[in-house]
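Here the structure comes first, spelled out in structure tokens, and everything after it is commentary.
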Amino acid sequence: MLINFTTSGVIVLSIAVLWVGQQAISRIEALARWQIPPAVLGGLLCSAVLSLISVTAGVEFQFDLTLRATLLLVFFASVGLCAKFSDIVLGGSLLLKLALATVLLLFLQNLFAVLLTLQFDLEPIYGLMAGSISLAGGHGTAISWGEYFTQQGFAGASDLGLAYATMGLIAGGLVGGPLGQVLIRFARKRSMNKEKIEKLPKRGPLAIEMTTTGVINAVLLFAICTGFGGVLNELMSSRGLLLPGFVTAMLVGVFVGNYARSRDYQVCFGIVAVIGDVCLNLFLAMSLMTMDLVAIWAQIGQIVMVMTGQILIVVGIAVFVVFPLAGRNYNAAVCGAGFAGIGLGATPVGVANMHSVTERYGPAPQAFIVIPLIGAGLLDLTNASMIKLWLIWLGY
């Protein structure tokens, strides 16, 4: 029996998934305390239920995820639109430091995965698929390289990449929030001004007036960012510079948003941020609720071994490299939570982790500038170069 979820059905289901995640977190203190994103929790519960139904009742589920790519574009456009040039300049030195930490992360991810693969007497290519290609790169990078390696004769590379990208998405969402909590405690103990950290105000709902004009203006800005971002992406691709579409949408958003501020245009950036947050949560919900846990379970032994090592690597770098480089303060703790997300489950997970932390403890503007810039731009460029270097070193 086949059950097909059309685009509208996927939207309804993803909203229900978010509601379930939010209700569980609001009712279970441990989940709220450890800052698990609602989309991660709800998505995991949904995929588990659907997988159980699939196994016991022989039902197959299909999902039309056409809208998911657009949601990602809108979210990153909102990040760009809300970024002020002054904040970007503020994060300049930290951006350089975390770029170096990113290079270290990508190298160690691939080194560990390749060495472990050799222990299983497998081709090192499969190790690369269990490294930065699928984890830091996410599903898009895993699909691209998986198809390329499959064409080169490495059977199952695509399926392996998707399995690790999925597990990375789960791990990044589950690890980031608790890690942020631990780092905040470190910052509290170290701070000379303990009152500032110990009494961080819990954020209540922002009072944003959602007017029709404000929403229309925000939608117009999103259309400009995604449209011109697509054109810019095609121009760059034609010149050999391959970047994900959401990167160029964010870059256009930075210039459009700052131009609007300089001209005093009537733009409510609070509405822009809210729409972006909604799109991010829907994107994560769609990604997690459609996971094929049955296929992952078939390789669970090897996957658990690899993912345990990768989690230790990412957490180690976040704690011992990113946190000190960022200043060992509250902002550094949020950076650590975000870095864990982008290292294991790509940029959207990193941003969701930071949102979970800041919703409770207050804003961290520098972290929300640096981590998306690292994850949406520098990480993809560096990862592509790192993968090519590893292919050369391995003799492919």
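Chain labels run A, B, ... following the order of the structure tokens; each chain numbers its residues from 1, and ligands are numbered from 1 in the order shown.
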**Study point:** A:Pro372 surroundings by only C-alpha atoms, 9 Å radius, close-in-sequence under 3 positions cut, as a ChimeraX atom specification
**Key:** /A:76,79,338,342,347-348,350-351,367-369,375-377
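By only C-alpha atoms, and with residues fewer than 6 positions from A:Leu135 along its chain excluded, the set lying at most 6 Å from it is Ala165, Gly168, Leu344 and Gly345 of chain A.
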Contact check, stretch 355-389 of chain A to stretch 324-327 of chain A, at most 12 Å, counting only C-alpha atoms, closest pairs as JSON lines:
```
{"residue": "A:Ala364", "atom": "CA", "partner": "A:Ala326", "partner_atom": "CA", "distance": 11.9}
{"residue": "A:Gln366", "atom": "CA", "partner": "A:Ala326", "partner_atom": "CA", "distance": 9.7}
{"residue": "A:Ala367", "atom": "CA", "partner": "A:Ala326", "partner_atom": "CA", "distance": 9.0}
{"residue": "A:Val370", "atom": "CA", "partner": "A:Ala326", "partner_atom": "CA", "distance": 10.3}
{"residue": "A:Ile371", "atom": "CA", "partner": "A:Ala326", "partner_atom": "CA", "distance": 11.3}
```
Check your understanding: Within 7 Å of stretch 52-64 of chain A, counting only C-alpha atoms, which residues qualify if same-chain residues fewer than 6 places away don't, as a PyMOL selection string?
Key -> chain A and resi 1-7+10
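Of note, atom CA of A:Val304 and atom CA of A:Val40 are spaced 18.7 Å apart.
Here atom CA of A:Asp121 stands at a distance of 19.1 Å from atom CA of A:Ala298.
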Check your understanding: Which polymer residues have any atom within 12 Å of an atom of A:Ala99, counting only C-alpha atoms, with same-chain residues fewer than 3 positions away left out, as number ranges by chain?
Key -> A: 91-96, 102-106, 321-322, 325-326, 339, 370-383
Please write the residues from the selection above to a file, keeping N, CA, C and O atoms, as a compact mmCIF listing (two decimals), in the first residue's frame.
```
# COMPACT_ATOMS: atom_id res chain seq x y z
N GLY A 91 32.17 40.97 13.78
CA GLY A 91 32.54 39.55 13.79
C GLY A 91 33.71 39.22 12.90
O GLY A 91 34.02 38.03 12.70
N GLY A 92 34.39 40.23 12.35
CA GLY A 92 35.46 40.00 11.39
C GLY A 92 36.58 39.11 11.89
O GLY A 92 36.91 38.08 11.28
N SER A 93 37.19 39.46 13.02
CA SER A 93 38.32 38.69 13.55
C SER A 93 37.88 37.30 13.99
O SER A 93 38.58 36.30 13.77
N LEU A 94 36.69 37.22 14.61
CA LEU A 94 36.17 35.93 15.03
C LEU A 94 35.87 35.05 13.83
O LEU A 94 36.08 33.82 13.87
N LEU A 95 35.40 35.65 12.75
CA LEU A 95 35.11 34.91 11.52
C LEU A 95 36.37 34.22 11.01
O LEU A 95 36.35 33.05 10.61
N LEU A 96 37.50 34.94 11.03
CA LEU A 96 38.76 34.36 10.58
C LEU A 96 39.20 33.22 11.49
O LEU A 96 39.64 32.16 11.02
N THR A 102 37.21 25.56 11.32
CA THR A 102 36.44 24.79 10.34
C THR A 102 37.36 23.91 9.49
O THR A 102 37.04 22.75 9.21
N VAL A 103 38.50 24.47 9.08
CA VAL A 103 39.47 23.68 8.31
C VAL A 103 39.93 22.48 9.13
O VAL A 103 40.02 21.35 8.62
N LEU A 104 40.23 22.71 10.41
CA LEU A 104 40.65 21.61 11.29
C LEU A 104 39.56 20.56 11.41
O LEU A 104 39.83 19.35 11.35
N LEU A 105 38.32 21.00 11.55
CA LEU A 105 37.19 20.08 11.67
C LEU A 105 37.07 19.19 10.44
O LEU A 105 36.98 17.96 10.54
N LEU A 106 37.08 19.80 9.26
CA LEU A 106 36.91 19.04 8.02
C LEU A 106 38.02 18.02 7.83
O LEU A 106 37.79 16.88 7.41
N VAL A 321 38.48 24.53 21.07
CA VAL A 321 38.98 25.45 20.04
C VAL A 321 38.02 26.63 19.86
O VAL A 321 38.40 27.79 20.05
N VAL A 322 36.77 26.35 19.51
CA VAL A 322 35.82 27.41 19.21
C VAL A 322 35.50 28.25 20.44
O VAL A 322 35.54 29.49 20.39
N LEU A 325 38.46 30.51 21.39
CA LEU A 325 38.71 31.53 20.37
C LEU A 325 37.64 32.62 20.39
O LEU A 325 37.91 33.78 20.11
N ALA A 326 36.41 32.23 20.73
CA ALA A 326 35.30 33.19 20.74
C ALA A 326 35.23 34.00 22.02
O ALA A 326 34.38 34.88 22.13
N PHE A 339 28.30 25.74 16.17
CA PHE A 339 29.38 25.03 15.47
C PHE A 339 29.15 23.52 15.50
O PHE A 339 29.40 22.83 14.51
N VAL A 370 28.37 35.24 12.68
CA VAL A 370 29.54 34.45 12.33
C VAL A 370 29.18 33.03 11.91
O VAL A 370 29.64 32.54 10.87
N ILE A 371 28.36 32.34 12.70
CA ILE A 371 28.06 30.93 12.41
C ILE A 371 27.35 30.75 11.07
O ILE A 371 27.74 29.88 10.27
N PRO A 372 26.29 31.52 10.74
CA PRO A 372 25.70 31.37 9.41
C PRO A 372 26.68 31.69 8.27
O PRO A 372 26.65 31.03 7.22
N LEU A 373 27.55 32.70 8.46
CA LEU A 373 28.54 33.00 7.42
C LEU A 373 29.52 31.85 7.25
O LEU A 373 29.89 31.48 6.12
N ILE A 374 29.95 31.26 8.37
CA ILE A 374 30.83 30.09 8.29
C ILE A 374 30.12 28.93 7.62
O ILE A 374 30.63 28.30 6.69
N GLY A 375 28.91 28.63 8.07
CA GLY A 375 28.20 27.47 7.57
C GLY A 375 27.69 27.60 6.16
O GLY A 375 27.69 26.63 5.39
N ALA A 376 27.25 28.80 5.78
CA ALA A 376 26.61 28.98 4.47
C ALA A 376 27.60 29.33 3.38
O ALA A 376 27.29 29.17 2.20
N GLY A 377 28.77 29.80 3.73
CA GLY A 377 29.72 30.20 2.70
C GLY A 377 31.06 29.51 2.81
O GLY A 377 31.43 28.67 1.99
N LEU A 378 31.80 29.84 3.85
CA LEU A 378 33.16 29.34 3.99
C LEU A 378 33.22 27.83 4.10
O LEU A 378 34.12 27.19 3.55
N LEU A 379 32.28 27.24 4.83
CA LEU A 379 32.32 25.79 5.02
C LEU A 379 32.17 25.05 3.70
O LEU A 379 32.91 24.10 3.42
N ASP A 380 31.23 25.48 2.85
CA ASP A 380 31.02 24.78 1.57
C ASP A 380 32.22 24.92 0.65
O ASP A 380 32.64 23.96 0.00
N LEU A 381 32.79 26.13 0.59
CA LEU A 381 33.97 26.33 -0.25
C LEU A 381 35.16 25.53 0.26
O LEU A 381 35.87 24.86 -0.51
N THR A 382 35.38 25.58 1.57
CA THR A 382 36.50 24.85 2.16
C THR A 382 36.30 23.35 2.04
O THR A 382 37.25 22.60 1.77
N ASN A 383 35.08 22.89 2.23
CA ASN A 383 34.79 21.47 2.15
C ASN A 383 35.06 20.93 0.75
O ASN A 383 35.64 19.85 0.58
```
Review point. What does the distance between atom CA of A:Phe149 and atom CA of A:Ala69 come to in Å, to one decimal place?
Key: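 Answer for the atom CA of A:Phe149 to atom CA of A:Ala69 separation: 23.8 Å.
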Exercise for review: Mind the document's chain letters and residue numbers, and return as a ChimeraX atom specification the residues of stretch 2-206 of chain A that DSSP labels alpha helix (DSSP H).
Suggested key: /A:7-27,29-33,38-57,66-81,85-90,92-119,124-129,138-151,157-190,194-198
Check your understanding: So which residues touch A:Tyr148 within 12 Å, counting only C-alpha atoms, skipping near sequence neighbours fewer than 4 positions away, as a ChimeraX atom specification?
Key -> /A:125,129,141-144,152-158,161
Residues near A:Ala352, anyone? I mean within 9 Å using only C-alpha atoms, not counting same-chain ones fewer than 6 positions away, as an mmCIF file with all heavy atoms, in the first residue's frame.
```cif
data_model
loop_
_atom_site.group_PDB
_atom_site.id
_atom_site.type_symbol
_atom_site.label_atom_id
_atom_site.label_comp_id
_atom_site.auth_asym_id
_atom_site.auth_seq_id
_atom_site.Cartn_x
_atom_site.Cartn_y
_atom_site.Cartn_z
ATOM 1 N N PRO A 37 15.749 21.367 19.906
ATOM 2 C CA PRO A 37 14.837 22.084 18.996
ATOM 3 C C PRO A 37 13.547 21.299 18.756
ATOM 4 O O PRO A 37 13.595 20.079 18.555
ATOM 5 C CB PRO A 37 15.661 22.202 17.698
ATOM 6 C CG PRO A 37 17.085 22.099 18.135
ATOM 7 C CD PRO A 37 17.073 21.144 19.304
ATOM 8 N N ALA A 39 11.629 21.054 16.190
ATOM 9 C CA ALA A 39 11.588 20.370 14.893
ATOM 10 C C ALA A 39 12.355 19.055 14.932
ATOM 11 O O ALA A 39 11.965 18.071 14.290
ATOM 12 C CB ALA A 39 12.179 21.284 13.812
ATOM 13 N N GLY A 173 21.306 18.055 16.010
ATOM 14 C CA GLY A 173 20.183 18.644 16.722
ATOM 15 C C GLY A 173 20.110 18.237 18.177
ATOM 16 O O GLY A 173 19.638 18.993 19.019
ATOM 17 N N GLY A 176 23.806 19.854 20.094
ATOM 18 C CA GLY A 176 24.065 21.286 20.171
ATOM 19 C C GLY A 176 23.485 21.974 21.390
ATOM 20 O O GLY A 176 24.177 22.746 22.068
ATOM 21 N N ASP A 277 12.392 32.275 10.661
ATOM 22 C CA ASP A 277 12.366 31.232 11.686
ATOM 23 C C ASP A 277 11.332 30.157 11.365
ATOM 24 O O ASP A 277 11.582 28.961 11.551
ATOM 25 C CB ASP A 277 12.051 31.846 13.058
ATOM 26 C CG ASP A 277 13.208 32.655 13.602
ATOM 27 O OD1 ASP A 277 14.325 32.538 13.056
ATOM 28 O OD2 ASP A 277 13.003 33.424 14.568
ATOM 29 N N LEU A 280 12.726 27.975 8.625
ATOM 30 C CA LEU A 280 13.770 27.078 9.139
ATOM 31 C C LEU A 280 13.147 25.882 9.851
ATOM 32 O O LEU A 280 13.551 24.726 9.629
ATOM 33 C CB LEU A 280 14.683 27.847 10.099
ATOM 34 C CG LEU A 280 15.685 26.999 10.895
ATOM 35 C CD1 LEU A 280 16.680 26.326 9.960
ATOM 36 C CD2 LEU A 280 16.408 27.841 11.928
ATOM 37 N N ASN A 281 12.185 26.136 10.716
ATOM 38 C CA ASN A 281 11.571 25.043 11.466
ATOM 39 C C ASN A 281 10.808 24.084 10.555
ATOM 40 O O ASN A 281 10.844 22.860 10.759
ATOM 41 C CB ASN A 281 10.633 25.613 12.536
ATOM 42 C CG ASN A 281 11.386 26.068 13.769
ATOM 43 O OD1 ASN A 281 11.753 25.275 14.618
ATOM 44 N ND2 ASN A 281 11.646 27.363 13.863
ATOM 45 N N LEU A 284 13.434 21.884 8.735
ATOM 46 C CA LEU A 284 13.966 20.818 9.583
ATOM 47 C C LEU A 284 12.913 19.747 9.843
ATOM 48 O O LEU A 284 13.227 18.545 9.843
ATOM 49 C CB LEU A 284 14.455 21.403 10.903
ATOM 50 C CG LEU A 284 15.739 22.230 10.842
ATOM 51 C CD1 LEU A 284 16.045 22.834 12.207
ATOM 52 C CD2 LEU A 284 16.911 21.377 10.368
ATOM 53 N N GLY A 338 26.202 26.340 17.952
ATOM 54 C CA GLY A 338 25.998 26.449 16.510
ATOM 55 C C GLY A 338 27.039 25.686 15.724
ATOM 56 O O GLY A 338 26.724 25.033 14.715
ATOM 57 N N GLY A 341 26.320 22.091 15.518
ATOM 58 C CA GLY A 341 25.256 21.824 14.551
ATOM 59 C C GLY A 341 25.747 21.802 13.130
ATOM 60 O O GLY A 341 25.434 20.886 12.368
#
```
Each residue of stretch 262-343 of chain A with at least one atom at most 10 Å from stretch 250-258 of chain A should appear once, together with its nearest atom pair and the corresponding distance in Å (one decimal); atoms considered: only C-alpha atoms; ordering: chain, then increasing residue number; output as a tab-separated table.
```
residue	atom	partner	partner_atom	distance
A:Ser262	CA	A:Asn258	CA	6.2
A:Arg263	CA	A:Asn258	CA	8.7
A:Asp264	CA	A:Asn258	CA	9.8
A:Tyr265	CA	A:Gly257	CA	9.7
A:Val267	CA	A:Gly257	CA	8.9
A:Phe269	CA	A:Gly257	CA	8.7
```
Can I get the selected residues back with C-alpha atoms, as a PDB file, in the first residue's frame?
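Writing the result to part.pdb gives the following:
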```
ATOM      1  CA  SER A 262      20.300  53.385   4.682  1.00  0.00           C
ATOM      2  CA  ARG A 263      17.300  54.700   2.719  1.00  0.00           C
ATOM      3  CA  ASP A 264      14.898  54.421   5.667  1.00  0.00           C
ATOM      4  CA  TYR A 265      12.492  52.183   3.771  1.00  0.00           C
ATOM      5  CA  VAL A 267      10.687  47.430   6.448  1.00  0.00           C
ATOM      6  CA  PHE A 269      12.886  43.309  10.101  1.00  0.00           C
TER       7      PHE A 269
END
```
